[in-house]
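Next comes target04.txt, with compact mmCIF, C-alpha atoms and all ligand atoms.
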```
# COMPACT_ATOMS: atom_id res chain seq x y z
CA MET A 40 125.92 58.88 19.93
CA ALA A 41 126.32 60.49 23.36
CA LYS A 42 124.24 59.28 26.27
CA VAL A 43 122.28 61.95 28.12
CA LEU A 44 120.20 61.67 31.28
CA SER A 45 118.37 63.96 33.65
CA ALA A 46 115.52 63.86 36.14
CA ILE A 47 113.04 65.95 38.06
CA GLN A 48 111.17 65.68 41.33
CA PRO A 49 107.42 65.07 41.15
CA SER A 50 106.39 68.48 42.39
CA GLY A 51 103.33 68.56 40.11
CA ASP A 52 103.42 71.32 37.54
CA LEU A 53 106.82 72.53 36.38
CA HIS A 54 107.92 76.06 37.25
CA LEU A 55 109.71 78.40 34.90
CA GLY A 56 113.10 77.61 36.51
CA ASN A 57 112.70 73.89 35.82
CA TYR A 58 111.74 74.59 32.25
CA LEU A 59 114.43 77.14 31.38
CA GLY A 60 117.20 75.58 33.47
CA ALA A 61 116.64 71.96 32.51
CA VAL A 62 113.65 70.64 30.56
CA ARG A 63 114.18 72.84 27.49
CA GLN A 64 117.66 71.36 27.10
CA TRP A 65 116.21 67.86 27.38
CA VAL A 66 113.85 68.51 24.50
CA THR A 67 116.70 69.50 22.16
CA SER A 68 118.96 66.77 23.47
CA GLN A 69 116.56 63.95 22.56
CA GLU A 70 117.01 64.78 18.87
CA GLU A 71 120.66 63.74 18.75
CA ASN A 72 121.45 61.59 21.77
CA ASP A 73 120.44 58.40 23.46
CA SER A 74 118.43 60.17 26.18
CA TYR A 75 116.89 59.07 29.48
CA PHE A 76 114.56 61.32 31.48
CA PHE A 77 112.60 60.38 34.56
CA ILE A 78 110.58 61.44 37.57
CA VAL A 79 112.34 60.84 40.87
CA ASP A 80 109.48 59.74 43.10
CA LEU A 81 111.92 58.01 45.51
CA HIS A 82 113.77 61.28 46.06
CA ALA A 83 110.42 62.91 46.92
CA LEU A 84 110.13 60.57 49.93
CA THR A 85 113.07 62.30 51.62
CA LEU A 86 110.62 64.98 52.78
CA ASP A 87 107.11 64.40 54.11
CA ILE A 88 104.61 64.08 51.27
CA ALA A 89 101.07 62.68 51.41
CA PRO A 90 100.75 59.45 49.38
CA GLU A 91 97.87 60.79 47.28
CA THR A 92 99.84 63.96 46.52
CA LEU A 93 102.87 61.95 45.43
CA ARG A 94 100.70 59.77 43.19
CA SER A 95 98.96 62.65 41.47
CA ASN A 96 102.11 64.79 41.24
CA THR A 97 103.98 61.97 39.52
CA VAL A 98 101.29 61.74 36.84
CA LYS A 99 101.15 65.53 36.45
CA THR A 100 104.92 65.82 36.15
CA ALA A 101 104.98 63.12 33.46
CA ALA A 102 102.23 64.98 31.56
CA SER A 103 104.16 68.27 31.94
CA LEU A 104 107.30 66.72 30.47
CA LEU A 105 105.42 65.34 27.47
CA ALA A 106 103.64 68.68 27.01
CA SER A 107 107.03 70.43 27.08
CA GLY A 108 108.09 68.38 24.08
CA LEU A 109 109.64 65.13 25.31
CA ASP A 110 108.79 62.49 22.74
CA PRO A 111 108.74 58.84 23.89
CA THR A 112 109.79 57.73 20.40
CA LYS A 113 113.00 59.79 20.79
CA CYS A 114 113.84 59.34 24.48
CA THR A 115 113.24 56.90 27.32
CA LEU A 116 110.78 58.42 29.79
CA PHE A 117 110.04 56.63 33.05
CA VAL A 118 109.40 56.78 36.80
CA GLN A 119 112.41 56.10 39.03
CA SER A 120 110.69 53.67 41.42
CA HIS A 121 109.62 51.45 38.50
CA VAL A 122 113.27 50.58 37.88
CA PRO A 123 114.47 48.68 40.97
CA GLN A 124 118.13 48.81 39.90
CA HIS A 125 118.27 52.44 41.16
CA THR A 126 117.91 51.35 44.78
CA GLY A 127 120.08 48.30 44.13
CA LEU A 128 123.05 50.39 43.06
CA THR A 129 122.42 52.97 45.77
CA TRP A 130 123.49 50.55 48.50
CA LEU A 131 126.73 49.72 46.70
CA LEU A 132 127.47 53.43 46.32
CA GLU A 133 126.55 54.18 49.95
CA CYS A 134 129.35 51.81 50.79
CA THR A 135 131.61 53.91 48.55
CA ALA A 136 130.59 57.37 49.85
CA SER A 137 131.69 58.71 53.21
CA TYR A 138 129.39 60.11 55.89
CA GLY A 139 131.45 63.32 56.01
CA GLU A 140 131.10 64.14 52.33
CA LEU A 141 127.33 63.67 52.49
CA LEU A 142 127.09 65.95 55.53
CA ARG A 143 128.85 68.68 53.54
CA MET A 144 126.25 68.78 50.74
CA THR A 145 124.60 72.20 50.73
CA GLN A 146 121.18 70.79 49.85
CA PHE A 147 121.29 68.54 52.93
CA LYS A 148 122.21 71.49 55.11
CA ASP A 149 119.49 73.71 53.58
CA LYS A 150 116.64 71.21 53.60
CA GLY A 151 117.53 69.77 56.99
CA LYS A 152 117.82 73.17 58.65
CA GLY A 153 115.38 73.83 61.49
CA GLN A 154 113.71 70.40 61.31
CA ASP A 155 113.30 68.36 64.51
CA SER A 156 113.76 65.12 62.70
CA VAL A 157 115.67 64.73 59.43
CA ARG A 158 115.07 61.57 57.40
CA SER A 159 118.24 59.60 56.77
CA GLY A 160 117.17 59.47 53.11
CA LEU A 161 117.80 63.21 52.95
CA LEU A 162 121.43 62.57 53.83
CA THR A 163 121.83 59.80 51.27
CA TYR A 164 119.76 61.63 48.62
CA PRO A 165 122.83 62.44 46.47
CA VAL A 166 123.93 58.81 46.49
CA LEU A 167 120.60 57.76 44.98
CA MET A 168 121.13 60.52 42.44
CA ALA A 169 124.60 59.18 41.64
CA ALA A 170 123.09 55.72 41.12
CA ASP A 171 120.43 57.27 38.83
CA ILE A 172 123.17 58.53 36.57
CA LEU A 173 125.87 55.84 36.79
CA LEU A 174 123.49 53.00 35.89
CA TYR A 175 123.22 54.24 32.31
CA ASP A 176 126.86 54.95 31.23
CA ILE A 177 125.96 58.61 30.85
CA ASN A 178 128.18 61.25 29.22
CA PHE A 179 126.14 64.42 29.86
CA VAL A 180 123.61 65.50 32.49
CA PRO A 181 121.69 68.67 31.54
CA VAL A 182 120.75 70.40 34.82
CA GLY A 183 120.35 73.82 36.39
CA ASP A 184 123.09 75.41 38.43
CA ASP A 185 121.84 74.05 41.79
CA GLN A 186 122.67 70.44 40.83
CA LYS A 187 126.37 71.04 40.14
CA GLN A 188 127.53 69.89 43.57
CA HIS A 189 125.56 66.65 43.24
CA LEU A 190 127.19 66.01 39.87
CA GLU A 191 130.62 66.58 41.38
CA LEU A 192 129.86 63.99 44.06
CA THR A 193 128.63 61.55 41.40
CA ARG A 194 131.91 61.93 39.52
CA ASN A 195 133.94 61.46 42.71
CA LEU A 196 132.06 58.30 43.65
CA ALA A 197 132.46 56.86 40.15
CA ILE A 198 136.19 57.57 40.09
CA ARG A 199 136.67 56.17 43.59
CA PHE A 200 134.72 53.02 42.72
CA ASN A 201 136.64 52.51 39.46
CA ASN A 202 139.98 52.94 41.26
CA ARG A 203 139.07 50.48 43.98
CA TYR A 204 137.15 47.82 42.03
CA GLY A 205 138.20 48.26 38.40
CA ASP A 206 136.71 50.17 35.50
CA THR A 207 132.94 49.96 35.93
CA PHE A 208 131.34 53.39 35.50
CA VAL A 209 131.49 56.07 32.81
CA ILE A 210 132.35 59.47 34.37
CA PRO A 211 129.48 61.89 33.62
CA GLU A 212 129.65 65.64 33.07
CA ALA A 213 127.10 68.29 34.09
CA LYS A 214 125.71 70.44 31.27
CA VAL A 215 124.51 73.76 32.62
CA PRO A 216 122.97 76.27 30.17
CA GLU A 217 124.68 79.65 29.74
CA VAL A 218 121.44 81.53 30.28
CA GLY A 219 118.59 80.36 32.52
CA ALA A 220 120.62 78.05 34.77
CA ARG A 221 119.49 79.92 37.87
CA ILE A 222 116.12 81.62 37.61
CA MET A 223 115.39 83.53 40.79
CA ASP A 224 112.20 84.08 42.80
CA LEU A 225 110.36 87.15 41.47
CA GLN A 226 109.61 88.43 44.97
CA ASN A 227 112.92 87.55 46.53
CA PRO A 228 115.47 87.63 43.72
CA THR A 229 118.39 86.51 45.83
CA ASN A 230 116.69 83.09 46.26
CA LYS A 231 116.27 80.65 43.40
CA MET A 232 112.77 80.11 42.04
CA SER A 233 111.42 76.97 43.65
CA LYS A 234 108.08 75.34 44.28
CA SER A 235 108.71 74.59 47.93
CA THR A 236 110.15 77.80 49.37
CA ALA A 237 108.54 80.45 47.23
CA THR A 238 105.89 83.00 47.90
CA PRO A 239 103.04 82.31 45.46
CA LEU A 240 103.82 85.52 43.58
CA GLY A 241 107.50 84.63 43.26
CA THR A 242 107.16 81.50 41.16
CA ILE A 243 105.77 81.27 37.63
CA GLY A 244 104.19 77.90 36.90
CA VAL A 245 104.54 76.64 33.35
CA MET A 246 100.77 75.91 33.46
CA ASP A 247 99.82 79.30 34.99
CA ASP A 248 97.03 81.32 33.37
CA PRO A 249 98.38 84.16 31.20
CA SER A 250 96.63 86.63 33.53
CA ASP A 251 98.55 85.19 36.52
CA ILE A 252 101.84 85.39 34.65
CA GLU A 253 101.11 89.02 33.85
CA LYS A 254 100.29 89.81 37.48
CA LYS A 255 103.40 88.07 38.82
CA ILE A 256 105.78 89.82 36.44
CA LYS A 257 104.08 93.18 37.02
CA LYS A 258 104.65 92.77 40.76
CA ALA A 259 108.19 91.42 40.41
CA VAL A 260 110.66 93.16 42.71
CA THR A 261 113.10 95.43 40.89
CA ASP A 262 114.99 98.19 42.69
CA SER A 263 114.94 101.91 43.25
CA SER A 264 117.88 102.76 40.99
CA MET A 265 115.69 102.74 37.84
CA LEU A 266 118.73 101.35 36.00
CA ILE A 267 118.41 98.46 33.57
CA THR A 268 121.67 96.60 33.94
CA TYR A 269 122.63 92.95 33.83
CA ASP A 270 124.33 92.72 37.22
CA ARG A 271 123.29 89.84 39.47
CA GLU A 272 125.05 91.14 42.50
CA ASN A 273 123.81 94.73 42.62
CA HIS A 274 120.55 94.51 40.66
CA PRO A 275 119.26 90.96 41.18
CA GLY A 276 115.58 91.62 40.39
CA VAL A 277 116.16 93.42 37.09
CA THR A 278 118.86 90.93 36.14
CA ASN A 279 116.45 88.06 36.75
CA LEU A 280 113.87 89.60 34.40
CA LEU A 281 116.58 90.10 31.76
CA GLU A 282 117.71 86.51 32.25
CA ILE A 283 114.16 85.19 31.80
CA LEU A 284 113.59 87.33 28.70
CA SER A 285 116.95 86.30 27.30
CA ALA A 286 116.26 82.61 27.87
CA VAL A 287 112.84 82.64 26.20
CA THR A 288 113.89 84.81 23.24
CA ASP A 289 117.42 83.42 22.78
CA MET A 290 118.76 86.98 22.79
CA ASN A 291 121.85 88.19 24.60
CA PRO A 292 120.93 89.63 28.05
CA LEU A 293 123.50 92.44 27.82
CA GLN A 294 122.02 93.62 24.51
CA LEU A 295 118.50 93.31 25.92
CA ALA A 296 119.46 95.56 28.83
CA GLU A 297 120.09 98.39 26.36
CA LYS A 298 116.73 98.03 24.65
CA PHE A 299 114.43 99.25 27.38
CA ALA A 300 113.92 102.75 28.76
CA ASN A 301 112.21 101.74 32.00
CA TYR A 302 111.09 98.78 34.13
CA GLY A 303 107.53 98.96 32.73
CA GLU A 304 108.77 98.28 29.20
CA LEU A 305 111.03 95.45 30.33
CA LYS A 306 108.21 93.83 32.30
CA LYS A 307 105.77 94.13 29.41
CA ALA A 308 108.19 92.51 26.95
CA THR A 309 109.04 89.75 29.44
CA THR A 310 105.36 89.05 30.13
CA GLU A 311 104.53 88.75 26.43
CA ALA A 312 107.53 86.54 25.66
CA VAL A 313 106.89 84.19 28.59
CA ILE A 314 103.18 83.84 27.82
CA GLU A 315 103.92 83.04 24.18
CA ALA A 316 106.65 80.51 25.06
CA LEU A 317 104.43 78.67 27.54
CA ARG A 318 101.10 78.79 25.69
CA PRO A 319 101.58 75.66 23.54
CA ILE A 320 102.86 73.66 26.53
CA ARG A 321 99.87 74.60 28.62
CA ASN A 322 97.43 73.69 25.83
CA ARG A 323 98.96 70.26 25.30
CA TYR A 324 99.21 69.55 29.01
CA TYR A 325 95.45 69.38 29.56
CA GLU A 326 95.00 67.13 26.52
CA ILE A 327 97.68 64.72 27.74
CA LEU A 328 96.20 64.54 31.24
CA GLU A 329 92.96 63.29 29.69
CA GLU A 330 94.81 60.38 28.04
CA LYS A 331 95.63 58.45 31.21
CA ASP A 332 95.99 55.04 29.50
CA THR A 333 98.45 56.33 26.91
CA LEU A 334 100.48 57.98 29.65
CA ARG A 335 100.59 54.75 31.65
CA ASP A 336 101.72 52.78 28.57
CA ILE A 337 104.50 55.29 27.81
CA LEU A 338 105.84 55.07 31.36
CA LYS A 339 105.61 51.29 31.40
CA GLU A 340 107.51 50.94 28.15
CA GLY A 341 110.10 53.47 29.34
CA SER A 342 110.74 51.62 32.60
CA GLU A 343 111.15 48.29 30.80
CA LYS A 344 113.74 49.74 28.48
CA ALA A 345 115.55 51.58 31.30
CA SER A 346 115.55 48.48 33.46
CA SER A 347 117.20 46.31 30.81
CA VAL A 348 120.02 48.86 30.37
CA ALA A 349 120.43 49.45 34.12
CA GLU A 350 120.61 45.74 34.92
CA VAL A 351 123.81 45.31 32.89
CA THR A 352 125.66 48.00 34.90
CA LEU A 353 124.26 46.84 38.22
CA ALA A 354 125.45 43.27 37.57
CA LYS A 355 128.90 44.60 36.63
CA ALA A 356 129.14 46.69 39.83
CA ARG A 357 127.93 43.85 42.05
CA SER A 358 130.44 41.45 40.61
CA ALA A 359 133.28 44.02 40.77
CA MET A 360 132.66 44.38 44.52
CA GLY A 361 132.81 40.63 45.08
CA LEU A 362 129.11 39.79 45.51
CA LEU A 363 128.39 36.24 44.33
P1 LIG B 401 114.59 69.39 40.76
O1 LIG B 401 113.36 68.56 40.66
O2 LIG B 401 114.72 70.29 41.94
O3 LIG B 401 114.75 70.29 39.47
C1 LIG B 401 114.69 69.74 38.16
C2 LIG B 401 115.64 70.53 37.27
O4 LIG B 401 115.27 71.91 37.26
C3 LIG B 401 116.41 72.71 37.57
N1 LIG B 401 115.99 73.89 38.33
C4 LIG B 401 116.28 75.15 38.00
N2 LIG B 401 116.97 75.66 36.97
C5 LIG B 401 117.07 77.02 36.90
N3 LIG B 401 116.52 77.86 37.82
C6 LIG B 401 115.82 77.38 38.88
N4 LIG B 401 115.29 78.21 39.75
C7 LIG B 401 115.67 75.97 38.99
N5 LIG B 401 115.05 75.17 39.89
C8 LIG B 401 115.25 73.90 39.47
C9 LIG B 401 117.31 71.81 38.42
O5 LIG B 401 118.65 72.23 38.40
C10 LIG B 401 117.10 70.46 37.77
O6 LIG B 401 117.96 70.29 36.68
N6 LIG B 401 118.13 66.27 42.46
C11 LIG B 401 117.38 66.67 41.28
C12 LIG B 401 116.67 65.53 40.60
C13 LIG B 401 117.52 64.36 40.23
C14 LIG B 401 118.43 64.30 39.13
C15 LIG B 401 118.91 62.95 39.12
C16 LIG B 401 118.86 65.23 38.19
C17 LIG B 401 117.50 63.13 40.82
N7 LIG B 401 118.32 62.27 40.14
C18 LIG B 401 119.83 62.53 38.16
C19 LIG B 401 119.79 64.79 37.22
C20 LIG B 401 120.26 63.46 37.22
C21 LIG B 401 116.34 67.70 41.68
O7 LIG B 401 115.88 67.72 42.80
O8 LIG B 401 115.89 68.48 40.64
```

When written as structure tokens, how does the structure in this file appear?
Amino acid sequence: MAKVLSAIQPSGDLHLGNYLGAVRQWVTSQEENDSYFFIVDLHALTLDIAPETLRSNTVKTAASLLASGLDPTKCTLFVQSHVPQHTGLTWLLECTASYGELLRMTQFKDKGKGQDSVRSGLLTYPVLMAADILLYDINFVPVGDDQKQHLELTRNLAIRFNNRYGDTFVIPEAKVPEVGARIMDLQNPTNKMSKSTATPLGTIGVMDDPSDIEKKIKKAVTDSSMLITYDRENHPGVTNLLEILSAVTDMNPLQLAEKFANYGELKKATTEAVIEALRPIRNRYYEILEEKDTLRDILKEGSEKASSVAEVTLAKARSAMGLL
């Protein structure tokens, strides 16, 4: 059985990019693999976030994942900070990573840009992410396109550590879906859809009202050519709509491009397909949020299981480096 792991920041409700790029793959993965999924509340501290927001977003993100179909009887679901081995291994890996390679990470450059003061945690963010993965002897990490560079660093650190201190870590591989790996902002289709940088009309929340989804897709930026072609470079807005429709219907985007006579038809079909795909998730989400005790028990059980697995690898890494 392969071991699979992935994680998400506690930004509250999921957006469509998170769901199509990552979480949907997690739900299928749990059927066949030994799977670990978690909410990275420690990573959220790399930017300023109010304590009460972090607390409530962590709960909401957990509820969103369960509503999306993660099943605690089939996967291990937990909160990163509840498993202290993640920070324990991070230090060992910080002493494996170089300052220069962390400075070159595009996410560090993007998120640090224009800020007076950048938290040092933002620089070491990818090392914590490497620890997240390496603790569990993971084979595959299902993620969207934007996490590929972090996965490459994780592999490099694992290989470097193994070469220097002896075979300790399994080398993981990123699993990026063919369609939906990079959903773009509906208003600014050359930027990826994201909770933090988006205009409110550019991001579809998985828990959005159907009427909001309809409005956002209706107003989505296309272009003046009136052509319906799957061409990211020259027609990013139309291509993004085709990509979304393709991901939710499991149909080929090139074939979909031939089906529609105008943007109105494409938008109508996309709206209907997205609303239908998200409806059951949204319905379950509000039920799960009501069951606070059950949610707490699921996360507690998940962190206990994760911790017992992580401890074995952490002890191996500590001893390999010469710590008594
Ligand atoms: P995060 O919270 O930004 O995103 C969670 C997942 O959603 C994917 N994603 C997208 N996919 C397609 N289109 C988009 N517009 C889009 N936006 C986000 C992301 O690629 C990701 O898979 N650093 C990670 C969290 C993390 C992690 C880990 C992931 C921490 N430790 C260990 C895997 C393994 C992050 O910030 O994801």

Using all atoms listed in the file, which residues of chain A come within 6 Å of ligand LIG 401 (chain B), and what is the closest atom pair for each, with the distance in Å to one decimal? Give it as a Markdown table, sorted by chain and residue number.
```
| residue | atom | partner | partner_atom | distance |
| --- | --- | --- | --- | --- |
| A:Ser45 | CA | B:LIG401 | C19 | 3.9 |
| A:Ala46 | CA | B:LIG401 | C16 | 4.2 |
| A:Ile47 | CA | B:LIG401 | O1 | 3.7 |
| A:Gln48 | CA | B:LIG401 | O1 | 3.7 |
| A:Gly56 | CA | B:LIG401 | C6 | 3.6 |
| A:Asn57 | CA | B:LIG401 | O4 | 3.5 |
| A:Gly60 | CA | B:LIG401 | N2 | 3.5 |
| A:Ala61 | CA | B:LIG401 | O6 | 4.7 |
| A:Val79 | CA | B:LIG401 | C17 | 5.6 |
| A:Met168 | CA | B:LIG401 | N7 | 4.0 |
| A:Asp171 | CA | B:LIG401 | C18 | 5.3 |
| A:Ile172 | CA | B:LIG401 | C18 | 5.4 |
| A:Val182 | CA | B:LIG401 | O6 | 3.4 |
| A:Gly183 | CA | B:LIG401 | O5 | 3.1 |
| A:Asp184 | CA | B:LIG401 | O5 | 5.5 |
| A:Asp185 | CA | B:LIG401 | O5 | 5.0 |
| A:Gln186 | CA | B:LIG401 | O5 | 5.0 |
| A:Gly219 | CA | B:LIG401 | C5 | 5.7 |
| A:Ala220 | CA | B:LIG401 | C5 | 4.3 |
| A:Arg221 | CA | B:LIG401 | N3 | 3.6 |
| A:Ile222 | CA | B:LIG401 | N3 | 3.8 |
| A:Met223 | CA | B:LIG401 | N4 | 5.4 |
| A:Lys231 | CA | B:LIG401 | N4 | 4.5 |
| A:Met232 | CA | B:LIG401 | N4 | 3.9 |
| A:Ser233 | CA | B:LIG401 | N5 | 5.5 |
```

**Request:** Rounded to one decimal place, report the atom CA of Pro228 of chain A-atom CA of Arg318 of chain A distance in Å.
**Result:**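 Rounded to one decimal, the two atoms are 24.7 Å apart.
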
**Request:** Quick one: everything within 10 Å of Glu212 of chain A, counting all atoms listed in the file, minus sequence neighbours fewer than 3 positions away in the same chain. Send it as a count of residues only.
**Result:** 13

**Request:** Name all residues at most 6 Å from segment 122-136 of chain A (count only C-alpha atoms; drop same-chain ones fewer than 4 positions away) and give them as a list in words.
**Result:**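 Final neighbour list, sorted by chain and number: Leu167, Ala170, Asp171, Ser342 and Ser346 of chain A.
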
**Request:** Could you please determine the separation between atom CA of Gln146 of chain A and atom CA of His189 of chain A in Å, to one decimal place?
**Result:**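 Computed distance, atom CA of Gln146 of chain A to atom CA of His189 of chain A, equals 8.9 Å.
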
**Request:** Between atom CA of Val166 of chain A and atom CA of Leu334 of chain A, measure the distance and give it in Å to one decimal.
**Result:**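 These atoms are spaced 28.9 Å apart.
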
**Request:** Rank A:Ser159, A:Glu140, A:Leu240, A:Pro249 by their smallest atom-to-atom distance to Arg321 of chain A, using all atoms listed in the file, and report the top residue only.
**Result:**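 Distance minimum relative to Arg321 of chain A lands on A:Pro249.
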
Is it possible to add all heavy atoms to segment 135-144 of chain A and hand it back as an mmCIF file, in the coordinates of the input?
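Done, and the output landed in selection05.cif:
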```cif
data_model
loop_
_atom_site.group_PDB
_atom_site.id
_atom_site.type_symbol
_atom_site.label_atom_id
_atom_site.label_comp_id
_atom_site.auth_asym_id
_atom_site.auth_seq_id
_atom_site.Cartn_x
_atom_site.Cartn_y
_atom_site.Cartn_z
ATOM 1 N N THR A 135 130.473 53.274 49.226
ATOM 2 C CA THR A 135 131.610 53.910 48.550
ATOM 3 C C THR A 135 131.748 55.349 49.056
ATOM 4 O O THR A 135 132.847 55.893 49.144
ATOM 5 C CB THR A 135 131.372 53.926 47.017
ATOM 6 O OG1 THR A 135 131.099 52.591 46.594
ATOM 7 C CG2 THR A 135 132.571 54.460 46.258
ATOM 8 N N ALA A 136 130.604 55.968 49.383
ATOM 9 C CA ALA A 136 130.590 57.370 49.850
ATOM 10 C C ALA A 136 130.934 57.433 51.330
ATOM 11 O O ALA A 136 130.761 56.454 52.049
ATOM 12 C CB ALA A 136 129.196 57.945 49.641
ATOM 13 N N SER A 137 131.426 58.583 51.775
ATOM 14 C CA SER A 137 131.690 58.710 53.210
ATOM 15 C C SER A 137 130.621 59.606 53.845
ATOM 16 O O SER A 137 130.038 60.485 53.196
ATOM 17 C CB SER A 137 133.079 59.290 53.454
ATOM 18 O OG SER A 137 133.053 60.682 53.264
ATOM 19 N N TYR A 138 130.381 59.355 55.113
ATOM 20 C CA TYR A 138 129.390 60.110 55.890
ATOM 21 C C TYR A 138 129.723 61.602 55.841
ATOM 22 O O TYR A 138 128.858 62.450 55.613
ATOM 23 C CB TYR A 138 129.446 59.558 57.313
ATOM 24 C CG TYR A 138 128.582 60.242 58.326
ATOM 25 C CD1 TYR A 138 127.203 60.297 58.173
ATOM 26 C CD2 TYR A 138 129.148 60.806 59.477
ATOM 27 C CE1 TYR A 138 126.412 60.912 59.131
ATOM 28 C CE2 TYR A 138 128.367 61.406 60.432
ATOM 29 C CZ TYR A 138 126.989 61.470 60.256
ATOM 30 O OH TYR A 138 126.222 62.079 61.199
ATOM 31 N N GLY A 139 131.019 61.915 55.979
ATOM 32 C CA GLY A 139 131.450 63.320 56.010
ATOM 33 C C GLY A 139 131.131 64.060 54.723
ATOM 34 O O GLY A 139 130.652 65.192 54.743
ATOM 35 N N GLU A 140 131.349 63.407 53.583
ATOM 36 C CA GLU A 140 131.100 64.140 52.330
ATOM 37 C C GLU A 140 129.604 64.343 52.105
ATOM 38 O O GLU A 140 129.200 65.347 51.491
ATOM 39 C CB GLU A 140 131.801 63.482 51.119
ATOM 40 C CG GLU A 140 131.287 62.169 50.664
ATOM 41 C CD GLU A 140 132.207 61.504 49.624
ATOM 42 O OE1 GLU A 140 132.951 62.206 48.921
ATOM 43 O OE2 GLU A 140 132.175 60.269 49.538
ATOM 44 N N LEU A 141 128.782 63.458 52.632
ATOM 45 C CA LEU A 141 127.330 63.670 52.490
ATOM 46 C C LEU A 141 126.857 64.791 53.411
ATOM 47 O O LEU A 141 125.991 65.587 53.048
ATOM 48 C CB LEU A 141 126.570 62.376 52.792
ATOM 49 C CG LEU A 141 126.876 61.204 51.858
ATOM 50 C CD1 LEU A 141 125.993 60.011 52.193
ATOM 51 C CD2 LEU A 141 126.684 61.595 50.399
ATOM 52 N N LEU A 142 127.456 64.865 54.597
ATOM 53 C CA LEU A 142 127.090 65.950 55.530
ATOM 54 C C LEU A 142 127.408 67.323 54.953
ATOM 55 O O LEU A 142 126.772 68.307 55.289
ATOM 56 C CB LEU A 142 127.872 65.796 56.838
ATOM 57 C CG LEU A 142 127.365 64.822 57.882
ATOM 58 C CD1 LEU A 142 128.284 64.861 59.107
ATOM 59 C CD2 LEU A 142 125.940 65.149 58.298
ATOM 60 N N ARG A 143 128.423 67.374 54.087
ATOM 61 C CA ARG A 143 128.850 68.680 53.540
ATOM 62 C C ARG A 143 127.993 69.166 52.364
ATOM 63 O O ARG A 143 128.169 70.284 51.903
ATOM 64 C CB ARG A 143 130.315 68.586 53.079
ATOM 65 C CG ARG A 143 131.309 68.575 54.224
ATOM 66 C CD ARG A 143 132.717 68.845 53.734
ATOM 67 N NE ARG A 143 133.219 67.810 52.851
ATOM 68 C CZ ARG A 143 133.808 66.668 53.268
ATOM 69 N NH1 ARG A 143 133.977 66.438 54.563
ATOM 70 N NH2 ARG A 143 134.240 65.783 52.395
ATOM 71 N N MET A 144 127.061 68.359 51.879
ATOM 72 C CA MET A 144 126.250 68.780 50.740
ATOM 73 C C MET A 144 125.346 69.955 51.127
ATOM 74 O O MET A 144 124.629 69.876 52.127
ATOM 75 C CB MET A 144 125.353 67.605 50.274
ATOM 76 C CG MET A 144 126.102 66.458 49.675
ATOM 77 S SD MET A 144 126.560 66.831 47.969
ATOM 78 C CE MET A 144 128.282 66.679 48.093
#
```
